[in-house]
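work_29.cif follows (mmCIF, C-alpha atoms (C1' of nucleotides)):
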```cif
data_start
loop_
_atom_site.group_PDB
_atom_site.id
_atom_site.type_symbol
_atom_site.label_atom_id
_atom_site.label_comp_id
_atom_site.auth_asym_id
_atom_site.auth_seq_id
_atom_site.Cartn_x
_atom_site.Cartn_y
_atom_site.Cartn_z
ATOM 1 C CA MET K 143 137.826 116.300 63.876
ATOM 2 C CA ASP K 144 135.806 118.292 66.380
ATOM 3 C CA LEU K 145 132.046 118.185 66.317
ATOM 4 C CA THR K 146 129.528 120.880 67.158
ATOM 5 C CA ILE K 147 126.622 120.173 69.461
ATOM 6 C CA GLY K 148 124.333 120.087 66.445
ATOM 7 C CA GLN K 149 126.422 117.417 64.752
ATOM 8 C CA VAL K 150 126.479 115.353 67.927
ATOM 9 C CA ALA K 151 122.718 115.730 68.195
ATOM 10 C CA GLU K 152 122.391 114.356 64.693
ATOM 11 C CA ARG K 153 124.690 111.400 65.374
ATOM 12 C CA THR K 154 123.155 110.382 68.677
ATOM 13 C CA GLY K 155 119.510 111.126 67.978
ATOM 14 C CA LEU K 156 119.418 113.335 71.069
ATOM 15 C CA SER K 157 118.263 116.934 70.870
ATOM 16 C CA VAL K 158 120.642 119.825 71.426
ATOM 17 C CA HIS K 159 118.651 120.629 74.556
ATOM 18 C CA THR K 160 119.064 117.102 75.842
ATOM 19 C CA LEU K 161 122.805 117.119 75.201
ATOM 20 C CA ARG K 162 123.256 120.195 77.368
ATOM 21 C CA PHE K 163 120.930 118.721 79.966
ATOM 22 C CA TYR K 164 122.885 115.453 80.041
ATOM 23 C CA GLU K 165 126.105 117.361 80.450
ATOM 24 C CA LYS K 166 124.655 119.188 83.439
ATOM 25 C CA GLU K 167 123.543 115.813 84.819
ATOM 26 C CA GLY K 168 127.077 114.471 84.629
ATOM 27 C CA VAL K 169 126.391 111.953 81.902
ATOM 28 C CA LEU K 170 129.477 112.932 79.918
ATOM 29 C CA ALA K 171 132.778 111.454 81.011
ATOM 30 C CA ARG K 172 134.165 114.953 80.968
ATOM 31 C CA PRO K 173 132.642 118.233 79.765
ATOM 32 C CA PRO K 174 133.544 118.952 76.153
ATOM 33 C CA ARG K 175 136.229 121.481 75.322
ATOM 34 C CA ARG K 176 135.135 124.895 74.182
ATOM 35 C CA ALA K 177 135.893 126.857 71.046
ATOM 36 C CA ALA K 178 137.052 130.458 71.265
ATOM 37 C CA GLY K 179 133.480 131.740 71.353
ATOM 38 C CA GLY K 180 132.389 129.359 74.092
ATOM 39 C CA HIS K 181 130.807 126.800 71.762
ATOM 40 C CA ARG K 182 131.175 123.161 72.778
ATOM 41 C CA LEU K 183 133.609 120.982 70.845
ATOM 42 C CA TYR K 184 132.935 117.261 71.019
ATOM 43 C CA ALA K 185 135.319 114.474 70.067
ATOM 44 C CA GLU K 186 134.434 111.202 68.395
ATOM 45 C CA HIS K 187 134.706 109.271 71.663
ATOM 46 C CA ASP K 188 132.069 111.555 73.198
ATOM 47 C CA VAL K 189 129.672 110.398 70.508
ATOM 48 C CA GLU K 190 130.501 106.779 71.241
ATOM 49 C CA TRP K 191 129.978 107.307 74.935
ATOM 50 C CA LEU K 192 126.689 109.073 74.333
ATOM 51 C CA ASN K 193 125.524 106.298 72.070
ATOM 52 C CA LEU K 194 126.139 103.862 74.885
ATOM 53 C CA CYS K 195 124.190 106.144 77.201
ATOM 54 C CA VAL K 196 121.353 106.199 74.695
ATOM 55 C CA VAL K 197 121.248 102.421 74.837
ATOM 56 C CA LEU K 198 121.271 102.437 78.635
ATOM 57 C CA ARG K 199 118.534 105.091 78.791
ATOM 58 C CA GLY K 200 116.570 103.367 76.048
ATOM 59 C CA SER K 201 116.557 100.233 78.134
ATOM 60 C CA GLY K 202 115.315 102.086 81.184
ATOM 61 C CA MET K 203 118.412 102.906 83.187
ATOM 62 C CA PRO K 204 117.679 106.063 85.200
ATOM 63 C CA LEU K 205 119.951 109.059 84.748
ATOM 64 C CA PRO K 206 121.439 108.896 88.267
ATOM 65 C CA GLU K 207 122.638 105.385 87.582
ATOM 66 C CA ILE K 208 124.106 106.399 84.240
ATOM 67 C CA ARG K 209 125.884 109.180 86.094
ATOM 68 C CA ARG K 210 127.228 106.651 88.563
ATOM 69 C CA TYR K 211 128.519 104.489 85.722
ATOM 70 C CA THR K 212 130.077 107.557 84.134
ATOM 71 C CA GLU K 213 131.789 108.477 87.380
ATOM 72 C CA LEU K 214 133.219 104.996 87.687
ATOM 73 C CA ALA K 215 134.490 105.108 84.127
ATOM 74 C CA ARG K 216 135.954 108.543 84.741
ATOM 75 C CA SER K 217 137.809 107.245 87.784
ATOM 76 C CA GLY K 218 139.638 104.891 85.448
ATOM 77 C CA ALA K 219 141.426 101.658 86.312
ATOM 78 C CA GLY K 220 140.318 99.689 89.354
ATOM 79 C CA THR K 221 136.619 100.432 88.971
ATOM 80 C CA GLU K 222 136.031 97.674 86.438
ATOM 81 C CA PRO K 223 134.441 95.244 88.923
ATOM 82 C CA ALA K 224 131.989 97.923 90.037
ATOM 83 C CA ARG K 225 131.175 98.810 86.449
ATOM 84 C CA LEU K 226 130.636 95.161 85.601
ATOM 85 C CA GLU K 227 128.358 94.739 88.584
ATOM 86 C CA LEU K 228 126.308 97.765 87.591
ATOM 87 C CA LEU K 229 125.909 96.516 84.037
ATOM 88 C CA ARG K 230 125.013 93.024 85.207
ATOM 89 C CA ALA K 231 122.328 94.403 87.505
ATOM 90 C CA HIS K 232 120.876 96.373 84.636
ATOM 91 C CA GLN K 233 121.076 93.365 82.367
ATOM 92 C CA GLN K 234 119.063 91.388 84.882
ATOM 93 C CA ARG K 235 116.436 94.093 85.167
ATOM 94 C CA LEU K 236 116.235 94.171 81.408
ATOM 95 C CA ARG K 237 115.794 90.403 81.278
ATOM 96 C CA ASP K 238 112.967 90.698 83.787
ATOM 97 C CA GLN K 239 111.379 93.498 81.826
ATOM 98 C CA LEU K 240 111.568 91.516 78.601
ATOM 99 C CA ALA K 241 109.902 88.574 80.310
ATOM 100 C CA GLU K 242 107.178 90.827 81.687
ATOM 101 C CA LEU K 243 106.574 92.445 78.315
ATOM 102 C CA GLY K 244 106.440 88.999 76.785
ATOM 103 C CA ARG K 245 103.652 88.066 79.191
ATOM 104 C CA CYS K 246 101.812 91.267 78.319
ATOM 105 C CA MET K 247 102.242 90.458 74.652
ATOM 106 C CA ASP K 248 100.695 87.037 75.201
ATOM 107 C CA VAL K 249 97.639 88.537 76.856
ATOM 108 C CA ILE K 250 97.231 91.124 74.125
ATOM 109 C CA THR K 251 97.739 88.608 71.355
ATOM 110 C CA HIS K 252 95.100 86.445 72.933
ATOM 111 C CA LYS K 253 92.718 89.408 73.072
ATOM 112 C CA VAL K 254 93.411 90.190 69.437
ATOM 113 C CA HIS K 255 92.574 86.625 68.484
ATOM 114 C CA CYS K 256 89.349 86.792 70.420
ATOM 115 C CA TYR K 257 88.258 89.848 68.478
ATOM 116 C CA GLU K 258 89.377 88.376 65.166
ATOM 117 C CA ASP K 259 87.369 85.231 65.792
ATOM 118 C CA TYR K 260 84.370 87.198 66.898
ATOM 119 C CA LEU K 261 84.475 89.431 63.840
ATOM 120 C CA ALA K 262 85.064 86.518 61.465
ATOM 121 C CA GLN K 263 81.963 84.864 62.890
ATOM 122 C CA HIS K 264 79.993 88.068 62.728
ATOM 123 C CA ASP K 265 80.996 88.867 59.142
ATOM 124 C CA ALA K 266 80.255 85.335 57.990
ATOM 125 C CA ALA K 267 76.766 85.624 59.407
ATOM 126 C CA GLN K 268 75.924 88.551 57.171
ATOM 127 C CA MET B 4 80.255 88.864 96.221
ATOM 128 C CA ASP B 5 81.134 92.556 96.395
ATOM 129 C CA LEU B 6 84.690 93.683 96.981
ATOM 130 C CA THR B 7 86.001 96.690 98.828
ATOM 131 C CA ILE B 8 88.570 98.972 97.297
ATOM 132 C CA GLY B 9 91.208 97.441 99.534
ATOM 133 C CA GLN B 10 90.434 93.954 98.303
ATOM 134 C CA VAL B 11 90.562 95.115 94.705
ATOM 135 C CA ALA B 12 93.908 96.783 95.394
ATOM 136 C CA GLU B 13 95.217 93.493 96.689
ATOM 137 C CA ARG B 14 93.964 91.533 93.691
ATOM 138 C CA THR B 15 95.197 93.916 91.029
ATOM 139 C CA GLY B 16 98.448 95.043 92.607
ATOM 140 C CA LEU B 17 97.293 98.647 92.270
ATOM 141 C CA SER B 18 97.196 100.938 95.272
ATOM 142 C CA VAL B 19 93.952 102.246 96.682
ATOM 143 C CA HIS B 20 95.027 105.713 95.557
ATOM 144 C CA THR B 21 95.625 104.487 92.051
ATOM 145 C CA LEU B 22 92.244 102.770 91.896
ATOM 146 C CA ARG B 23 90.461 106.013 92.721
ATOM 147 C CA PHE B 24 92.712 107.865 90.304
ATOM 148 C CA TYR B 25 91.960 105.391 87.502
ATOM 149 C CA GLU B 26 88.273 105.733 88.159
ATOM 150 C CA LYS B 27 88.531 109.508 87.817
ATOM 151 C CA GLU B 28 90.468 108.954 84.593
ATOM 152 C CA GLY B 29 87.686 106.869 83.138
ATOM 153 C CA VAL B 30 89.563 103.601 83.137
ATOM 154 C CA LEU B 31 86.682 101.664 84.643
ATOM 155 C CA ALA B 32 83.943 100.535 82.314
ATOM 156 C CA ARG B 33 81.497 102.048 84.759
ATOM 157 C CA PRO B 34 82.028 103.544 88.200
ATOM 158 C CA PRO B 35 81.497 100.962 90.929
ATOM 159 C CA ARG B 36 78.301 100.898 92.941
ATOM 160 C CA ARG B 37 78.362 102.381 96.403
ATOM 161 C CA ALA B 38 77.473 100.924 99.759
ATOM 162 C CA ALA B 39 75.167 102.793 102.139
ATOM 163 C CA GLY B 40 78.027 104.799 103.601
ATOM 164 C CA GLY B 41 79.436 105.795 100.228
ATOM 165 C CA HIS B 42 82.117 103.105 100.067
ATOM 166 C CA ARG B 43 82.829 101.656 96.656
ATOM 167 C CA LEU B 44 81.605 98.159 95.876
ATOM 168 C CA TYR B 45 83.453 96.359 93.093
ATOM 169 C CA ALA B 46 82.322 93.271 91.258
ATOM 170 C CA GLU B 47 84.475 90.425 90.019
ATOM 171 C CA HIS B 48 84.355 91.682 86.444
ATOM 172 C CA ASP B 49 85.796 95.009 87.573
ATOM 173 C CA VAL B 50 88.835 93.139 88.818
ATOM 174 C CA GLU B 51 89.152 91.336 85.497
ATOM 175 C CA TRP B 52 88.885 94.580 83.603
ATOM 176 C CA LEU B 53 91.458 96.239 85.831
ATOM 177 C CA ASN B 54 93.807 93.333 85.394
ATOM 178 C CA LEU B 55 93.611 93.835 81.651
ATOM 179 C CA CYS B 56 94.300 97.521 82.174
ATOM 180 C CA VAL B 57 97.311 96.622 84.284
ATOM 181 C CA VAL B 58 98.643 94.585 81.380
ATOM 182 C CA LEU B 59 98.017 97.429 78.940
ATOM 183 C CA ARG B 60 99.649 99.985 81.237
ATOM 184 C CA GLY B 61 102.479 97.608 82.024
ATOM 185 C CA SER B 62 103.219 97.344 78.348
ATOM 186 C CA GLY B 63 103.271 101.098 77.962
ATOM 187 C CA MET B 64 99.812 102.050 76.806
ATOM 188 C CA PRO B 65 99.107 105.587 78.001
ATOM 189 C CA LEU B 66 96.056 106.234 80.148
ATOM 190 C CA PRO B 67 94.175 108.276 77.520
ATOM 191 C CA GLU B 68 94.341 105.333 75.151
ATOM 192 C CA ILE B 69 93.173 102.949 77.816
ATOM 193 C CA ARG B 70 90.295 105.334 78.433
ATOM 194 C CA ARG B 71 89.504 105.282 74.737
ATOM 195 C CA TYR B 72 89.470 101.479 74.755
ATOM 196 C CA THR B 73 87.258 101.550 77.817
ATOM 197 C CA GLU B 74 84.843 103.926 76.147
ATOM 198 C CA LEU B 75 84.621 101.688 73.109
ATOM 199 C CA ALA B 76 83.991 98.671 75.296
ATOM 200 C CA ARG B 77 81.374 100.614 77.220
ATOM 201 C CA SER B 78 79.605 101.527 73.999
ATOM 202 C CA GLY B 79 79.082 97.819 73.440
ATOM 203 C CA ALA B 80 78.360 96.024 70.186
ATOM 204 C CA GLY B 81 79.544 97.549 66.944
ATOM 205 C CA THR B 82 82.795 98.904 68.308
ATOM 206 C CA GLU B 83 84.667 95.629 68.005
ATOM 207 C CA PRO B 84 86.555 96.601 64.833
ATOM 208 C CA ALA B 85 87.779 99.792 66.513
ATOM 209 C CA ARG B 86 88.803 97.884 69.610
ATOM 210 C CA LEU B 87 90.648 95.337 67.511
ATOM 211 C CA GLU B 88 92.443 98.093 65.644
ATOM 212 C CA LEU B 89 93.484 99.766 68.867
ATOM 213 C CA LEU B 90 94.822 96.521 70.287
ATOM 214 C CA ARG B 91 96.644 95.682 67.075
ATOM 215 C CA ALA B 92 98.326 99.080 67.035
ATOM 216 C CA HIS B 93 99.470 98.547 70.590
ATOM 217 C CA GLN B 94 100.633 95.061 69.772
ATOM 218 C CA GLN B 95 102.773 96.466 66.984
ATOM 219 C CA ARG B 96 104.266 99.102 69.251
ATOM 220 C CA LEU B 97 105.020 96.400 71.767
ATOM 221 C CA ARG B 98 106.697 94.281 69.103
ATOM 222 C CA ASP B 99 108.855 97.263 68.141
ATOM 223 C CA GLN B 100 109.686 97.929 71.757
ATOM 224 C CA LEU B 101 110.672 94.315 72.319
ATOM 225 C CA ALA B 102 112.936 94.450 69.292
ATOM 226 C CA GLU B 103 114.504 97.666 70.506
ATOM 227 C CA LEU B 104 115.054 96.290 73.984
ATOM 228 C CA GLY B 105 116.577 93.193 72.417
ATOM 229 C CA ARG B 106 119.092 95.398 70.610
ATOM 230 C CA CYS B 107 119.887 97.201 73.851
ATOM 231 C CA MET B 108 120.330 93.845 75.540
ATOM 232 C CA ASP B 109 122.811 92.801 72.863
ATOM 233 C CA VAL B 110 124.906 95.909 73.396
ATOM 234 C CA ILE B 111 124.852 95.499 77.164
ATOM 235 C CA THR B 112 125.655 91.807 76.984
ATOM 236 C CA HIS B 113 128.584 92.623 74.763
ATOM 237 C CA LYS B 114 129.789 95.224 77.254
ATOM 238 C CA VAL B 115 129.464 92.733 80.082
ATOM 239 C CA HIS B 116 131.583 90.248 78.161
ATOM 240 C CA CYS B 117 134.227 92.880 77.532
ATOM 241 C CA TYR B 118 134.520 93.547 81.248
ATOM 242 C CA GLU B 119 134.501 89.862 82.084
ATOM 243 C CA ASP B 120 137.303 89.183 79.640
ATOM 244 C CA TYR B 121 139.275 92.131 80.891
ATOM 245 C CA LEU B 122 138.920 91.090 84.511
ATOM 246 C CA ALA B 123 139.737 87.456 83.761
ATOM 247 C CA GLN B 124 142.932 88.611 82.089
ATOM 248 C CA HIS B 125 143.689 91.001 84.909
ATOM 249 C CA ASP B 126 143.091 88.441 87.638
ATOM 250 C CA ALA B 127 145.178 85.818 85.865
ATOM 251 C CA ALA B 128 148.077 88.244 85.685
ATOM 252 C CA GLN B 129 148.274 88.549 89.441
ATOM 253 C "C1'" DG M 70 80.173 103.627 123.171
ATOM 254 C "C1'" DT M 71 84.580 103.934 121.834
ATOM 255 C "C1'" DA M 72 89.030 102.916 119.627
ATOM 256 C "C1'" DG M 73 91.323 101.756 115.391
ATOM 257 C "C1'" DG M 74 91.430 100.849 110.862
ATOM 258 C "C1'" DA M 75 89.599 101.510 106.325
ATOM 259 C "C1'" DA M 76 87.230 104.566 103.163
ATOM 260 C "C1'" DC M 77 85.639 109.053 101.515
ATOM 261 C "C1'" DT M 78 86.588 113.811 98.846
ATOM 262 C "C1'" DA M 79 89.119 117.507 96.580
ATOM 263 C "C1'" DG M 80 93.069 119.055 95.541
ATOM 264 C "C1'" DA M 81 98.119 119.672 96.051
ATOM 265 C "C1'" DG M 82 102.729 117.669 95.522
ATOM 266 C "C1'" DT M 83 106.307 114.664 93.550
ATOM 267 C "C1'" DC M 84 109.275 112.598 90.303
ATOM 268 C "C1'" DG M 85 111.822 111.721 86.162
ATOM 269 C "C1'" DG M 86 113.036 113.345 82.044
ATOM 270 C "C1'" DC M 87 113.049 116.251 79.175
ATOM 271 C "C1'" DT M 88 111.702 120.794 76.593
ATOM 272 C "C1'" DC M 89 111.380 125.422 75.996
ATOM 273 C "C1'" DT M 90 112.128 130.589 76.753
ATOM 274 C "C1'" DA M 91 114.523 134.843 76.963
ATOM 275 C "C1'" DG M 92 118.021 137.425 75.844
ATOM 276 C "C1'" DC M 93 122.290 137.532 74.027
ATOM 277 C "C1'" DA M 94 126.904 136.084 71.402
ATOM 278 C "C1'" DC M 95 129.005 134.159 67.584
ATOM 279 C "C1'" DA M 96 129.715 132.392 62.798
ATOM 280 C "C1'" DA M 97 129.180 131.383 57.767
ATOM 281 C "C1'" DG M 98 127.491 132.694 53.265
ATOM 282 C "C1'" DC M 99 126.267 136.262 50.205
ATOM 283 C "C1'" DG R 194 128.553 144.360 56.824
ATOM 284 C "C1'" DC R 195 124.413 141.984 57.206
ATOM 285 C "C1'" DT R 196 121.433 138.290 57.605
ATOM 286 C "C1'" DT R 197 120.469 133.693 59.091
ATOM 287 C "C1'" DG R 198 121.380 130.056 61.673
ATOM 288 C "C1'" DT R 199 123.611 127.985 65.474
ATOM 289 C "C1'" DG R 200 125.145 128.282 70.054
ATOM 290 C "C1'" DC R 201 125.371 130.119 74.807
ATOM 291 C "C1'" DT R 202 123.330 130.519 79.888
ATOM 292 C "C1'" DA R 203 120.097 130.184 83.659
ATOM 293 C "C1'" DG R 204 116.068 128.990 84.800
ATOM 294 C "C1'" DA R 205 111.114 128.051 84.116
ATOM 295 C "C1'" DG R 206 107.606 124.907 82.319
ATOM 296 C "C1'" DC R 207 105.557 120.610 80.971
ATOM 297 C "C1'" DC R 208 103.921 115.911 80.905
ATOM 298 C "C1'" DG R 209 102.409 111.508 82.530
ATOM 299 C "C1'" DA R 210 101.420 108.900 86.186
ATOM 300 C "C1'" DC R 211 101.006 108.548 90.224
ATOM 301 C "C1'" DT R 212 101.152 109.684 95.416
ATOM 302 C "C1'" DC R 213 100.004 111.950 99.305
ATOM 303 C "C1'" DT R 214 97.479 115.273 102.577
ATOM 304 C "C1'" DA R 215 93.843 117.056 105.289
ATOM 305 C "C1'" DG R 216 89.904 116.618 107.278
ATOM 306 C "C1'" DT R 217 86.035 113.744 107.742
ATOM 307 C "C1'" DT R 218 83.102 109.570 107.919
ATOM 308 C "C1'" DC R 219 82.131 104.763 108.359
ATOM 309 C "C1'" DC R 220 82.498 100.055 109.973
ATOM 310 C "C1'" DT R 221 84.092 96.295 113.249
ATOM 311 C "C1'" DA R 222 85.378 94.464 117.389
ATOM 312 C "C1'" DC R 223 85.752 94.867 122.010
#
```
Would you write out, as structure tokens, the structure that this file holds?
Amino acid sequence: MDLTIGQVAERTGLSVHTLRFYEKEGVLARPPRRAAGGHRLYAEHDVEWLNLCVVLRGSGMPLPEIRRYTELARSGAGTEPARLELLRAHQQRLRDQLAELGRCMDVITHKVHCYEDYLAQHDAAQ
Amino acid sequence: MDLTIGQVAERTGLSVHTLRFYEKEGVLARPPRRAAGGHRLYAEHDVEWLNLCVVLRGSGMPLPEIRRYTELARSGAGTEPARLELLRAHQQRLRDQLAELGRCMDVITHKVHCYEDYLAQHDAAQ
DNA sequence: GTAGGAACTAGAGTCGGCTCTAGCACAAGC
DNA sequence: GCTTGTGCTAGAGCCGACTCTAGTTCCTAC
């Protein structure tokens, strides 16, 4: 039932290095247990938590804020409103970012069309 | 008709520092002319070019690639196919990124709903 | 002519987020 | 029992993209 750091790396897409780094940064709800020889032992829920963190990171949440969210979750009951607020704020930022990227996409698509038209014209002339 | 670096900063949203930095990085089609005292003099088309660069950067294109695009544009006629290819590649990356961010948004929205439901339940129980 | 703000240069510093190194311990398969 | 791979720690290094500093010069308005 326990997973090695390598197995967790495989299941989260994070590198072994990054997993240790995240642990140091307080991204894990609690540090994993250790085997006799000092090797980390992860549980399934650690993987789930990390996969959520991957989503948060992948959408641009900075590590300190992920740590804050983790701390709230670690504190347990009563912190739900704060957690909700944090997620909502991130959701809004993400919405804004999507809108901004959409505008960028429009500009780029327009540029692409300009070049396509130009080249179509140019090729036809030959 | 000429613009100072400060005016260009205002019109592009870039800082004066960043404008000089971009110039050093070869992001400008050609370095701006200089006034008698050595101050940079920008033309309107520099602002347009920079605004395109802002869009490219804002959508995640790294500076070396922007420089490459700039160099192609500087080389003039004949480089249009290469420019088109570069833009198309970026467009594809942007599409992928938008899709990825959309998936992140779905996960986060789901999380938000979980908390909302939980809190609604919790509040009703009081 | 002088004060204050804007611009100049070269180069150093910062920041976030990894990523890698060194040197060593442990473990699994033959 | 030995090799090969995986893991451990602490800490250094790297990368991209700015961002700022120091020391100086230039322009504008009084």
For His255 of chain K, please output as number ranges by chain all residues within 9 Å (counting only C-alpha atoms (C1' of nucleotides); exclusion window: fewer than 5 positions along the same chain). K: 250, 260; B: 87
Given 8 Å of margin on each side, can you work out the centre and size in Å (one decimal) of an axis-aligned box holding every listed atom of segment 210-222 of chain R, as JSON?
```
{"center_x": 91.8, "center_y": 105.8, "center_z": 101.8, "size_x": 35.3, "size_y": 38.6, "size_z": 47.2}
```
Can I get the residues of chain K within 10 Å of chain R, each with the closest pair of atoms and their distance in Å to one decimal, using all atoms listed in the file, sorted chain first then ascending number, as CSV?
```
residue,atom,partner,partner_atom,distance
K:Thr146,CA,R:DG200,C1',9.1
K:Ile147,CA,R:DG200,C1',8.3
K:Gly148,CA,R:DT199,C1',8.0
K:Val158,CA,R:DG200,C1',9.7
K:Gly179,CA,R:DC201,C1',9.0
K:Gly180,CA,R:DC201,C1',7.1
K:His181,CA,R:DG200,C1',6.1
K:Arg182,CA,R:DG200,C1',8.4
```
Write out as a Markdown table the residues of chain M that have any atom within 10 Å of an atom of chain B, one row each with the nearest atom pair and its distance in Å to one decimal, counting only C-alpha atoms (C1' of nucleotides), sorted by chain and then rising number.
```
| residue | atom | partner | partner_atom | distance |
| --- | --- | --- | --- | --- |
| M:DA75 | C1' | B:Gly9 | CA | 8.1 |
| M:DA76 | C1' | B:His42 | CA | 6.2 |
| M:DC77 | C1' | B:His42 | CA | 7.1 |
```
Could you please take those selected residues and save C-alpha atoms (C1' of nucleotides) as an mmCIF file, in the coordinates of the input?
```
data_model
loop_
_atom_site.group_PDB
_atom_site.id
_atom_site.type_symbol
_atom_site.label_atom_id
_atom_site.label_comp_id
_atom_site.auth_asym_id
_atom_site.auth_seq_id
_atom_site.Cartn_x
_atom_site.Cartn_y
_atom_site.Cartn_z
ATOM 1 C "C1'" DA M 75 89.599 101.510 106.325
ATOM 2 C "C1'" DA M 76 87.230 104.566 103.163
ATOM 3 C "C1'" DC M 77 85.639 109.053 101.515
#
```
Non-local contacts of segment 242-246 of chain K (12 Å; all atoms listed in the file; under 3 positions in same chain excluded) as a PyMOL selection string: (chain K and resi 235-239+249-253) or (chain B and resi 54-64+90+93-94+96-102+104-105)
In Å and to one decimal, atom CA of Gly220 of chain K is distant from atom CA of Gly168 of chain K by 20.4 Å
If I take atom CA of Tyr45 of chain B and atom CA of Leu6 of chain B, how far is one from the other in Å, to one decimal?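 Distance reported for this atom pair: 4.9 Å.
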Using Å and a single decimal, report how far atom C1' of DG80 of chain M sits from atom CA of Thr73 of chain B.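 Between atom CA of Thr73 of chain B and atom C1' of DG80 of chain M the gap is 25.6 Å.
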For Arg33 of chain B: contacts at 10 Å, only C-alpha atoms (C1' of nucleotides), fewer than 2 positions along chain excluded, given as a PyMOL selection string: chain B and resi 26+29-31+35-36+49+73-74+77
Could the residues in this selection be saved with C-alpha atoms as a PDB file, in the frame of the given file?
```pdb
ATOM      1  CA  GLU B  26      88.273 105.733  88.159  1.00  0.00           C
ATOM      2  CA  GLY B  29      87.686 106.869  83.138  1.00  0.00           C
ATOM      3  CA  VAL B  30      89.563 103.601  83.137  1.00  0.00           C
ATOM      4  CA  LEU B  31      86.682 101.664  84.643  1.00  0.00           C
ATOM      5  CA  PRO B  35      81.497 100.962  90.929  1.00  0.00           C
ATOM      6  CA  ARG B  36      78.301 100.898  92.941  1.00  0.00           C
ATOM      7  CA  ASP B  49      85.796  95.009  87.573  1.00  0.00           C
ATOM      8  CA  THR B  73      87.258 101.550  77.817  1.00  0.00           C
ATOM      9  CA  GLU B  74      84.843 103.926  76.147  1.00  0.00           C
ATOM     10  CA  ARG B  77      81.374 100.614  77.220  1.00  0.00           C
TER      11      ARG B  77
END
```
Using all atoms listed in the file for the distances, tell me which of K:Ala171, K:Ala266, K:Leu161, K:Leu228 is nearest to chain B. K:Leu228
If the PyMOL selection byres ((chain B and resi 122) around 12) were run on this exact file, what residues would it hold? Put them as a PyMOL selection string. (chain K and resi 219-227) or (chain B and resi 115-121+123-129)
Could you complete segment 248-259 of chain K so that it carries N, CA, C and O atoms, and give it back as a PDB file, in the frame of the given file?
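And here's rebuild.pdb as it stands now:
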```pdb
ATOM      1  N   ASP K 248     101.532  88.233  75.297  1.00  0.00           N
ATOM      2  CA  ASP K 248     100.695  87.037  75.201  1.00  0.00           C
ATOM      3  C   ASP K 248      99.231  87.381  75.462  1.00  0.00           C
ATOM      4  O   ASP K 248      98.338  86.955  74.735  1.00  0.00           O
ATOM      5  N   VAL K 249      99.017  88.164  76.508  1.00  0.00           N
ATOM      6  CA  VAL K 249      97.639  88.537  76.856  1.00  0.00           C
ATOM      7  C   VAL K 249      97.012  89.325  75.706  1.00  0.00           C
ATOM      8  O   VAL K 249      95.870  89.061  75.304  1.00  0.00           O
ATOM      9  N   ILE K 250      97.770  90.266  75.182  1.00  0.00           N
ATOM     10  CA  ILE K 250      97.231  91.124  74.125  1.00  0.00           C
ATOM     11  C   ILE K 250      96.976  90.324  72.858  1.00  0.00           C
ATOM     12  O   ILE K 250      95.943  90.490  72.196  1.00  0.00           O
ATOM     13  N   THR K 251      97.909  89.445  72.548  1.00  0.00           N
ATOM     14  CA  THR K 251      97.739  88.608  71.355  1.00  0.00           C
ATOM     15  C   THR K 251      96.484  87.752  71.501  1.00  0.00           C
ATOM     16  O   THR K 251      95.714  87.579  70.548  1.00  0.00           O
ATOM     17  N   HIS K 252      96.292  87.248  72.685  1.00  0.00           N
ATOM     18  CA  HIS K 252      95.100  86.445  72.933  1.00  0.00           C
ATOM     19  C   HIS K 252      93.832  87.274  72.716  1.00  0.00           C
ATOM     20  O   HIS K 252      92.891  86.844  72.052  1.00  0.00           O
ATOM     21  N   LYS K 253      93.857  88.498  73.245  1.00  0.00           N
ATOM     22  CA  LYS K 253      92.718  89.408  73.072  1.00  0.00           C
ATOM     23  C   LYS K 253      92.462  89.678  71.587  1.00  0.00           C
ATOM     24  O   LYS K 253      91.321  89.685  71.120  1.00  0.00           O
ATOM     25  N   VAL K 254      93.535  89.914  70.873  1.00  0.00           N
ATOM     26  CA  VAL K 254      93.411  90.190  69.437  1.00  0.00           C
ATOM     27  C   VAL K 254      92.748  89.005  68.734  1.00  0.00           C
ATOM     28  O   VAL K 254      91.845  89.177  67.912  1.00  0.00           O
ATOM     29  N   HIS K 255      93.166  87.818  69.097  1.00  0.00           N
ATOM     30  CA  HIS K 255      92.574  86.625  68.484  1.00  0.00           C
ATOM     31  C   HIS K 255      91.091  86.515  68.813  1.00  0.00           C
ATOM     32  O   HIS K 255      90.289  86.137  67.958  1.00  0.00           O
ATOM     33  N   CYS K 256      90.771  86.845  70.044  1.00  0.00           N
ATOM     34  CA  CYS K 256      89.349  86.792  70.420  1.00  0.00           C
ATOM     35  C   CYS K 256      88.528  87.689  69.497  1.00  0.00           C
ATOM     36  O   CYS K 256      87.499  87.276  68.959  1.00  0.00           O
ATOM     37  N   TYR K 257      88.994  88.898  69.323  1.00  0.00           N
ATOM     38  CA  TYR K 257      88.258  89.848  68.478  1.00  0.00           C
ATOM     39  C   TYR K 257      88.230  89.383  67.025  1.00  0.00           C
ATOM     40  O   TYR K 257      87.213  89.518  66.348  1.00  0.00           O
ATOM     41  N   GLU K 258      89.338  88.852  66.557  1.00  0.00           N
ATOM     42  CA  GLU K 258      89.377  88.376  65.166  1.00  0.00           C
ATOM     43  C   GLU K 258      88.356  87.262  64.960  1.00  0.00           C
ATOM     44  O   GLU K 258      87.611  87.256  63.975  1.00  0.00           O
ATOM     45  N   ASP K 259      88.318  86.339  65.895  1.00  0.00           N
ATOM     46  CA  ASP K 259      87.369  85.231  65.792  1.00  0.00           C
ATOM     47  C   ASP K 259      85.943  85.762  65.815  1.00  0.00           C
ATOM     48  O   ASP K 259      85.112  85.381  64.994  1.00  0.00           O
TER      49      ASP K 259
END
```
